[in-house]
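Trainee: The structure that follows is given in the form of structure tokens.
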Amino acid sequence: MMSIPLSDSVHSYASNRLFRDAGENEVLLGETPYRRPTRTFDNAFINYERPLTRGTQASNSALSTHRLLINIYEADGVFLPHAAYDGFWDDFQAFYSAENIAHGESIRHALENKAFSFLQNDVEVTGPWTADTVIEFFKSFLKDQAETRDAEANNSPVLAAILNSRDPERCAKHYLIQLAPDFLSEASAMARVAPGSYGDIQSAIFNILIDEYGASVHANKHSTLFENTLQSVGLSPDIHTYWQFYHSTSLCLTNYFHYITKNKRLFFRYIGALFYTEASLVNVTKKQSEMLRKVFGAGVNTKYFDEHHHIDQHHGEMALQRVIIPALERFGDQVASEILRGYLEFQFLEELADADLIAQFDFFERLENDRCNAEKFYHEITNGERNVSLETFVECAGERSTTHTHPDHRLLVIESGKMDFWPLAGDPLSLTAGDILFIPRHRLHGSVVTSDECVYHQPVAESETKELHQNPQSHEV
Ligand SMILES: [Fe+2]
Ligand SMILES: [Fe+2]
Ligand SMILES: [Fe+2]
């Protein structure tokens, strides 16, 4: 039997109308949980067989891979809109159709390999780890977390970037949006390990799961608490409203938990990652809560974060005492490295996500300052001092680019017409003729043409990075 090329299978999946490029009025995608645009045109140029690396976590191919993967994983969950809307039944059918599921499953393994195989090299589990040494290491991590419980938000680089921004509210909202793919359907991945039969460990995990689900009181479900946070700062609580503004590295965190719970062979990795997240959230959520109150004042609802600061003291302890230790006592050294691997992999992915977000905030902060350098660079191209292609585009009113990133540093030069441009979620910059921006490599952005016609140039500025940009390292993931 002839096998179908992977790129064709990706195309078959992504050509579902729900996953096609965003239309003119789809900057936000509120009423439907099913509409999740990818950039189907770009997909044709992505090699899905080539694994992502540490340095390409914020690339367009990472963005595409993680958008596709979360769509595949989330078809395992029940997603319904808060209210019925025209076309709901058709969308519901299209998202959960046997054909969509089959197409997704046909590419899932390859996409998982592309997304996560780099961890095998980049996260080293060296040394002769045993059940005892892993337990000791985890106990000391819990102790460290308890001792640094009162650290301030400024001690987290990503939260400090928000607090020190020229527009902290905007950055804080963009940050909350990055948490939404995980928090608005919180613990869905954990629910994947509820079935089966594995003794008291199973019941301990179920105990944590029940807490995440508010012990069946919907108002106390953690996702409901997060909806309240979003609403309190004027953001929509509807799932994936801000789909276009999710970074690939944020989607990666959610997808990682789906990956290690969907594939039961990774169960021991999962419990290591579970311990890390439950134990570290105690501190993280306290700082997040403090940052939100500093930025938004008394009006912000921080119960989601305050509740985690409280309950994750128990969850970290439970994950260690009732999940990790019994598993290591029963299965011994053979699972020790795998449990530690889950802990280290998720910790590493969080570091990458934080670095990516800091780079995005830095891009936003520098838009004005970089403008002078960008203008100088552009004039050198037009003078003939630099031999760089202008890369000219002519687009019509309403033409939209689904948010994306570029593999190289580029200028955006508006020659005529108007364009709305988003460097972060929120109000766009209105660009007009003569405006010039510098868009660093891997920085997420989107645009829509708002005049009858817009002529613009996107010359590559990569090789001249150092001249154009004072601190290019800050843009590396
Ligand atoms: Fe939670
Ligand atoms: Fe928890
Ligand atoms: Fe672009």
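By convention here, the chains of the structure tokens are called A, B, ... in the order presented, each chain's residues are numbered starting at 1, and ligands are numbered starting at 1 in the order presented.
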Hey, which bits of chain A sit within 9 Å of ligand 2, and for each residue what's the closest pair of atoms and how far apart in Å (one decimal), counting only C-alpha atoms and all ligand atoms, rows by chain and increasing number, as CSV?
Mentor:
```
residue,atom,partner,partner_atom_place_in_ligand_line,distance
A:Ala187,CA,ligand 2,1 (Fe),8.7
A:Ile208,CA,ligand 2,1 (Fe),6.4
A:Leu209,CA,ligand 2,1 (Fe),7.9
A:Asp211,CA,ligand 2,1 (Fe),7.3
A:Glu212,CA,ligand 2,1 (Fe),6.1
A:His222,CA,ligand 2,1 (Fe),8.9
A:Leu274,CA,ligand 2,1 (Fe),8.8
A:Thr277,CA,ligand 2,1 (Fe),7.9
A:Glu278,CA,ligand 2,1 (Fe),5.2
A:Ala279,CA,ligand 2,1 (Fe),8.4
A:Leu281,CA,ligand 2,1 (Fe),7.7
A:Val282,CA,ligand 2,1 (Fe),8.8
A:His308,CA,ligand 2,1 (Fe),6.3
A:Ile311,CA,ligand 2,1 (Fe),6.3
A:Asp312,CA,ligand 2,1 (Fe),4.8
A:Gln313,CA,ligand 2,1 (Fe),8.4
A:His314,CA,ligand 2,1 (Fe),8.1
A:His315,CA,ligand 2,1 (Fe),5.3
A:Gly316,CA,ligand 2,1 (Fe),7.6
```
Trainee: Just write the chosen residues, N, CA, C and O atoms, as a compact mmCIF listing (two decimals), in the first residue's frame.
Mentor:
```txt
# COMPACT_ATOMS: atom_id res chain seq x y z
N ALA A 187 -6.85 21.10 33.95
CA ALA A 187 -6.81 19.71 34.42
C ALA A 187 -7.46 18.74 33.43
O ALA A 187 -7.68 17.57 33.76
N ILE A 208 -6.58 15.09 43.62
CA ILE A 208 -6.13 16.40 43.09
C ILE A 208 -7.09 16.85 41.99
O ILE A 208 -7.52 18.01 41.94
N LEU A 209 -7.46 15.89 41.13
CA LEU A 209 -8.37 16.22 40.02
C LEU A 209 -9.69 16.79 40.54
O LEU A 209 -10.21 17.78 40.02
N ASP A 211 -10.20 18.40 43.29
CA ASP A 211 -9.98 19.79 43.73
C ASP A 211 -9.94 20.74 42.55
O ASP A 211 -10.50 21.84 42.59
N GLU A 212 -9.24 20.33 41.47
CA GLU A 212 -9.15 21.19 40.28
C GLU A 212 -10.55 21.45 39.71
O GLU A 212 -10.81 22.50 39.13
N HIS A 222 -11.58 25.41 39.00
CA HIS A 222 -10.47 26.35 38.78
C HIS A 222 -10.63 27.12 37.47
O HIS A 222 -10.28 28.29 37.40
N LEU A 274 3.73 16.58 36.92
CA LEU A 274 2.64 16.97 37.83
C LEU A 274 3.21 17.48 39.15
O LEU A 274 2.81 18.54 39.66
N THR A 277 4.76 20.97 38.67
CA THR A 277 3.81 22.08 38.50
C THR A 277 3.04 22.36 39.79
O THR A 277 2.89 23.50 40.20
N GLU A 278 2.60 21.33 40.48
CA GLU A 278 1.86 21.55 41.72
C GLU A 278 2.76 22.20 42.78
O GLU A 278 2.33 23.11 43.49
N ALA A 279 4.00 21.71 42.87
CA ALA A 279 4.90 22.23 43.91
C ALA A 279 5.34 23.67 43.61
O ALA A 279 5.46 24.48 44.52
N LEU A 281 3.75 25.93 41.70
CA LEU A 281 2.65 26.90 41.55
C LEU A 281 2.37 27.67 42.84
O LEU A 281 1.87 28.78 42.80
N VAL A 282 2.71 27.08 43.96
CA VAL A 282 2.51 27.77 45.24
C VAL A 282 3.15 29.15 45.17
O VAL A 282 2.53 30.17 45.50
N HIS A 308 -4.82 28.90 44.42
CA HIS A 308 -3.71 28.00 44.11
C HIS A 308 -2.57 28.16 45.10
O HIS A 308 -1.90 27.18 45.44
N ILE A 311 -4.05 25.96 47.87
CA ILE A 311 -4.29 24.51 47.72
C ILE A 311 -3.08 23.78 47.15
O ILE A 311 -2.89 22.59 47.41
N ASP A 312 -2.23 24.48 46.42
CA ASP A 312 -1.09 23.78 45.85
C ASP A 312 0.01 23.48 46.87
O ASP A 312 0.90 22.68 46.61
N GLN A 313 -0.10 24.09 48.06
CA GLN A 313 0.77 23.62 49.15
C GLN A 313 0.42 22.17 49.46
O GLN A 313 1.29 21.34 49.70
N HIS A 314 -0.89 21.88 49.42
CA HIS A 314 -1.32 20.50 49.66
C HIS A 314 -1.04 19.63 48.44
O HIS A 314 -0.62 18.49 48.58
N HIS A 315 -1.32 20.18 47.26
CA HIS A 315 -1.15 19.35 46.05
C HIS A 315 0.32 18.95 45.82
O HIS A 315 0.60 17.84 45.39
N GLY A 316 1.23 19.87 46.11
CA GLY A 316 2.66 19.53 45.97
C GLY A 316 3.02 18.41 46.93
O GLY A 316 3.68 17.43 46.55
```
Trainee: To test your reading of the structure, identify every residue in region 208-423 of chain A that backbone DSSP assigns to strand (DSSP E), and report it as a PyMOL selection string.
Mentor: chain A and resi 392-396+400-404+410-416+418-422
Trainee: Cys396 (chain A): which residues within 8 Å, counting only C-alpha atoms, same-chain residues fewer than 2 positions away excluded, as JSON, numbers by chain?
Mentor: {"A": [394, 398, 399, 449, 451, 452, 453, 454]}
Trainee: Select from region 82-146 of chain A every residue with an atom at most 8 Å from any atom of region 44-59 of chain A, then for each give the shortest pair of atoms and their distance in Å to one decimal, using only C-alpha atoms, rows by chain and rising number, as a tab-separated table.
Mentor:
```
residue	atom	partner	partner_atom	distance
A:Ala110	CA	A:Glu49	CA	6.8
A:Leu111	CA	A:Tyr48	CA	6.7
A:Asn113	CA	A:Pro51	CA	6.6
A:Lys114	CA	A:Pro51	CA	3.9
A:Ala115	CA	A:Leu52	CA	5.8
A:Phe116	CA	A:Leu52	CA	7.5
A:Ser117	CA	A:Pro51	CA	6.5
A:Phe118	CA	A:Thr53	CA	5.5
A:Asp122	CA	A:Arg54	CA	7.4
```
Trainee: As a PyMOL selection string, please: every protein or nucleic acid residue near ligand 3 (cut-off 9 Å, counting only C-alpha atoms and all ligand atoms).
Mentor: chain A and resi 401+403-406+410+412+439+444-447+458
Trainee: Excluding Thr32 (chain A) and any residue of its chain fewer than 4 positions from it, enumerate the residues within 12 Å of it, using only C-alpha atoms, and give them as a PyMOL selection string.
Mentor: chain A and resi 18+26+28+36+79-92+95+237-243
Trainee: For Glu99 (chain A), please output as a PyMOL selection string all residues within 10 Å (counting only C-alpha atoms; exclusion window: fewer than 4 positions along the same chain).
Mentor: chain A and resi 12-13+16+94-95+103-105
Trainee: For region 373-377 of chain A, work out the shell of residues within 7 Å, counting only C-alpha atoms and skipping chain neighbours fewer than 3 positions away, then give it as a VMD selection string.
Mentor: chain A and resid 370 380 to 381 411 436 to 438 468
Trainee: Dump N, CA and C atoms for the selected residues as an mmCIF file, in the first residue's frame?
Mentor:
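The resulting out38.cif:
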```cif
data_model
loop_
_atom_site.group_PDB
_atom_site.id
_atom_site.type_symbol
_atom_site.label_atom_id
_atom_site.label_comp_id
_atom_site.auth_asym_id
_atom_site.auth_seq_id
_atom_site.Cartn_x
_atom_site.Cartn_y
_atom_site.Cartn_z
ATOM 1 N N ASP A 370 13.304 51.520 18.213
ATOM 2 C CA ASP A 370 13.846 50.821 17.049
ATOM 3 C C ASP A 370 13.489 51.521 15.750
ATOM 4 N N GLU A 380 19.198 53.389 3.741
ATOM 5 C CA GLU A 380 20.424 52.827 3.157
ATOM 6 C C GLU A 380 20.093 51.817 2.051
ATOM 7 N N ILE A 381 18.946 51.154 2.181
ATOM 8 C CA ILE A 381 18.526 50.241 1.097
ATOM 9 C C ILE A 381 18.114 51.074 -0.114
ATOM 10 N N LEU A 411 12.118 44.500 8.429
ATOM 11 C CA LEU A 411 11.467 45.795 8.576
ATOM 12 C C LEU A 411 10.054 45.659 8.042
ATOM 13 N N ILE A 436 7.566 52.995 9.679
ATOM 14 C CA ILE A 436 8.541 51.895 9.580
ATOM 15 C C ILE A 436 8.673 51.226 10.947
ATOM 16 N N LEU A 437 8.601 49.906 10.949
ATOM 17 C CA LEU A 437 8.793 49.146 12.194
ATOM 18 C C LEU A 437 9.892 48.117 11.992
ATOM 19 N N PHE A 438 10.491 47.745 13.095
ATOM 20 C CA PHE A 438 11.438 46.631 13.086
ATOM 21 C C PHE A 438 10.770 45.443 13.768
ATOM 22 N N LEU A 468 21.448 47.277 13.744
ATOM 23 C CA LEU A 468 20.068 47.747 13.867
ATOM 24 C C LEU A 468 19.568 47.662 15.298
#
```
Trainee: With distances taken over only C-alpha atoms and all ligand atoms, which residue among A:Asp354, A:Glu338, A:Asp182, A:Glu391 lies nearest ligand 1?
Mentor: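 Selected residue with least distance to ligand 1: A:Asp182.
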Trainee: Neighbouring residues of Ser248 (chain A) were defined as those with any atom within 9 Å, considering only C-alpha atoms; residues of the same chain fewer than 5 positions away were excluded. Please report them as a compact mmCIF listing (two decimals) with N, CA and C atoms, in the first residue's frame.
Mentor:
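Everything below was put into out29.txt:
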```
# COMPACT_ATOMS: atom_id res chain seq x y z
N GLN A 57 11.63 27.30 18.98
CA GLN A 57 10.38 27.15 19.73
C GLN A 57 9.37 28.27 19.43
N ALA A 58 9.86 29.40 18.95
CA ALA A 58 8.93 30.51 18.64
C ALA A 58 8.84 30.73 17.13
N SER A 59 9.27 29.74 16.36
CA SER A 59 9.23 29.88 14.90
C SER A 59 7.81 29.65 14.38
N ASN A 60 7.64 29.98 13.12
CA ASN A 60 6.33 29.76 12.51
C ASN A 60 6.00 28.27 12.46
N ALA A 62 6.88 26.07 14.66
CA ALA A 62 6.44 25.70 16.02
C ALA A 62 5.00 26.15 16.24
N LEU A 63 4.71 27.36 15.79
CA LEU A 63 3.35 27.89 15.96
C LEU A 63 2.35 26.99 15.24
N SER A 64 2.67 26.62 14.01
CA SER A 64 1.78 25.75 13.25
C SER A 64 1.63 24.39 13.92
N THR A 65 2.75 23.82 14.34
CA THR A 65 2.73 22.48 14.96
C THR A 65 1.86 22.49 16.21
N HIS A 66 2.05 23.51 17.05
CA HIS A 66 1.29 23.53 18.31
C HIS A 66 -0.17 23.91 18.10
N ARG A 67 -0.45 24.72 17.09
CA ARG A 67 -1.87 25.01 16.79
C ARG A 67 -2.56 23.72 16.32
N LEU A 253 3.13 24.40 26.41
CA LEU A 253 2.98 23.96 27.81
C LEU A 253 1.72 23.12 27.97
N ALA A 353 9.18 29.29 27.63
CA ALA A 353 7.97 30.11 27.44
C ALA A 353 8.16 31.49 28.07
```
Trainee: Measuring between only C-alpha atoms, which one of A:Leu251, A:Ile4, A:Leu352, A:Val448 shows the shortest distance to Ala22 (chain A)?
Mentor: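 Among the listed residues, A:Val448 lies closest to Ala22 (chain A).
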Trainee: Give me, as CSV, the closest atom pair and its distance (Å, one decimal) for every residue of region 200-300 of chain A within a cut-off of 9 Å of region 341-344 of chain A, counting only C-alpha atoms, rows sorted by chain and rising number.
Mentor:
```
residue,atom,partner,partner_atom,distance
A:Ile260,CA,A:Gly342,CA,8.6
A:Leu266,CA,A:Gly342,CA,8.6
A:Phe268,CA,A:Gly342,CA,7.5
A:Arg269,CA,A:Gly342,CA,4.0
A:Tyr270,CA,A:Gly342,CA,5.8
A:Ile271,CA,A:Gly342,CA,7.1
A:Gly272,CA,A:Tyr343,CA,4.5
A:Ala273,CA,A:Tyr343,CA,4.2
A:Leu274,CA,A:Tyr343,CA,7.4
A:Phe275,CA,A:Tyr343,CA,7.0
A:Tyr276,CA,A:Tyr343,CA,5.3
A:Thr277,CA,A:Tyr343,CA,8.1
```
Trainee: Just write the chosen residues, C-alpha atoms, as a PDB file, in the first residue's frame.
Mentor:
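Result saved to result-v1.pdb:
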```pdb
ATOM      1  CA  ILE A 260       2.336  12.849  28.310  1.00  0.00           C
ATOM      2  CA  LEU A 266       4.725   8.409  29.400  1.00  0.00           C
ATOM      3  CA  PHE A 268       5.820   8.166  34.871  1.00  0.00           C
ATOM      4  CA  ARG A 269       7.037  11.273  33.075  1.00  0.00           C
ATOM      5  CA  TYR A 270       3.590  12.731  33.720  1.00  0.00           C
ATOM      6  CA  ILE A 271       3.712  12.282  37.469  1.00  0.00           C
ATOM      7  CA  GLY A 272       7.136  13.989  37.569  1.00  0.00           C
ATOM      8  CA  ALA A 273       5.744  16.963  35.625  1.00  0.00           C
ATOM      9  CA  LEU A 274       2.639  16.969  37.827  1.00  0.00           C
ATOM     10  CA  PHE A 275       4.788  17.187  40.944  1.00  0.00           C
ATOM     11  CA  TYR A 276       6.832  20.037  39.478  1.00  0.00           C
ATOM     12  CA  THR A 277       3.807  22.080  38.496  1.00  0.00           C
TER      13      THR A 277
END
```
Trainee: What does the distance between CA of Ser61 (chain A) and CA of Thr249 (chain A) come to in Å, to one decimal place?
Mentor: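 One can read the CA of Ser61 (chain A) to CA of Thr249 (chain A) distance as 11.7 Å.
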Trainee: May I have all residues of region 99-195 of chain A that DSSP, computed from the backbone, assigns to alpha helix (DSSP H), given as a PyMOL selection string?
Mentor: chain A and resi 99-116+118-122+131-147+157-163+168-183+188-191
Trainee: Could you tell me which of A:Leu69, A:Ala461, A:Ile339, A:Val284 comes closest to Val323 (chain A) if we count only C-alpha atoms?
Mentor: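 Using only C-alpha atoms, the shortest distance to Val323 (chain A) belongs to A:Ile339.
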Trainee: Could you jot down the CA of Asn387 (chain A) to CA of His457 (chain A) separation for me, Å, one decimal place?
Mentor: 14.6 Å
Trainee: Let me make sure I understand: among A:Arg20, A:Lys139, A:His309, A:Arg366, which one has the smallest atom-to-atom distance to ligand 1 if we use only C-alpha atoms and all ligand atoms?
Mentor: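 Under the stated criterion, the closest residue is A:His309.
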Trainee: Kindly indicate which residue among A:Ile205, A:Val217, A:Val300, A:Leu328 lies nearest to Gln231 (chain A), using only C-alpha atoms for the distances.
Mentor: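 Smallest distance to Gln231 (chain A) is found for A:Val300.
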Trainee: CA of Ile358 (chain A) to CA of Pro157 (chain A): how many Å, to one decimal?
Mentor: 7.7 Å
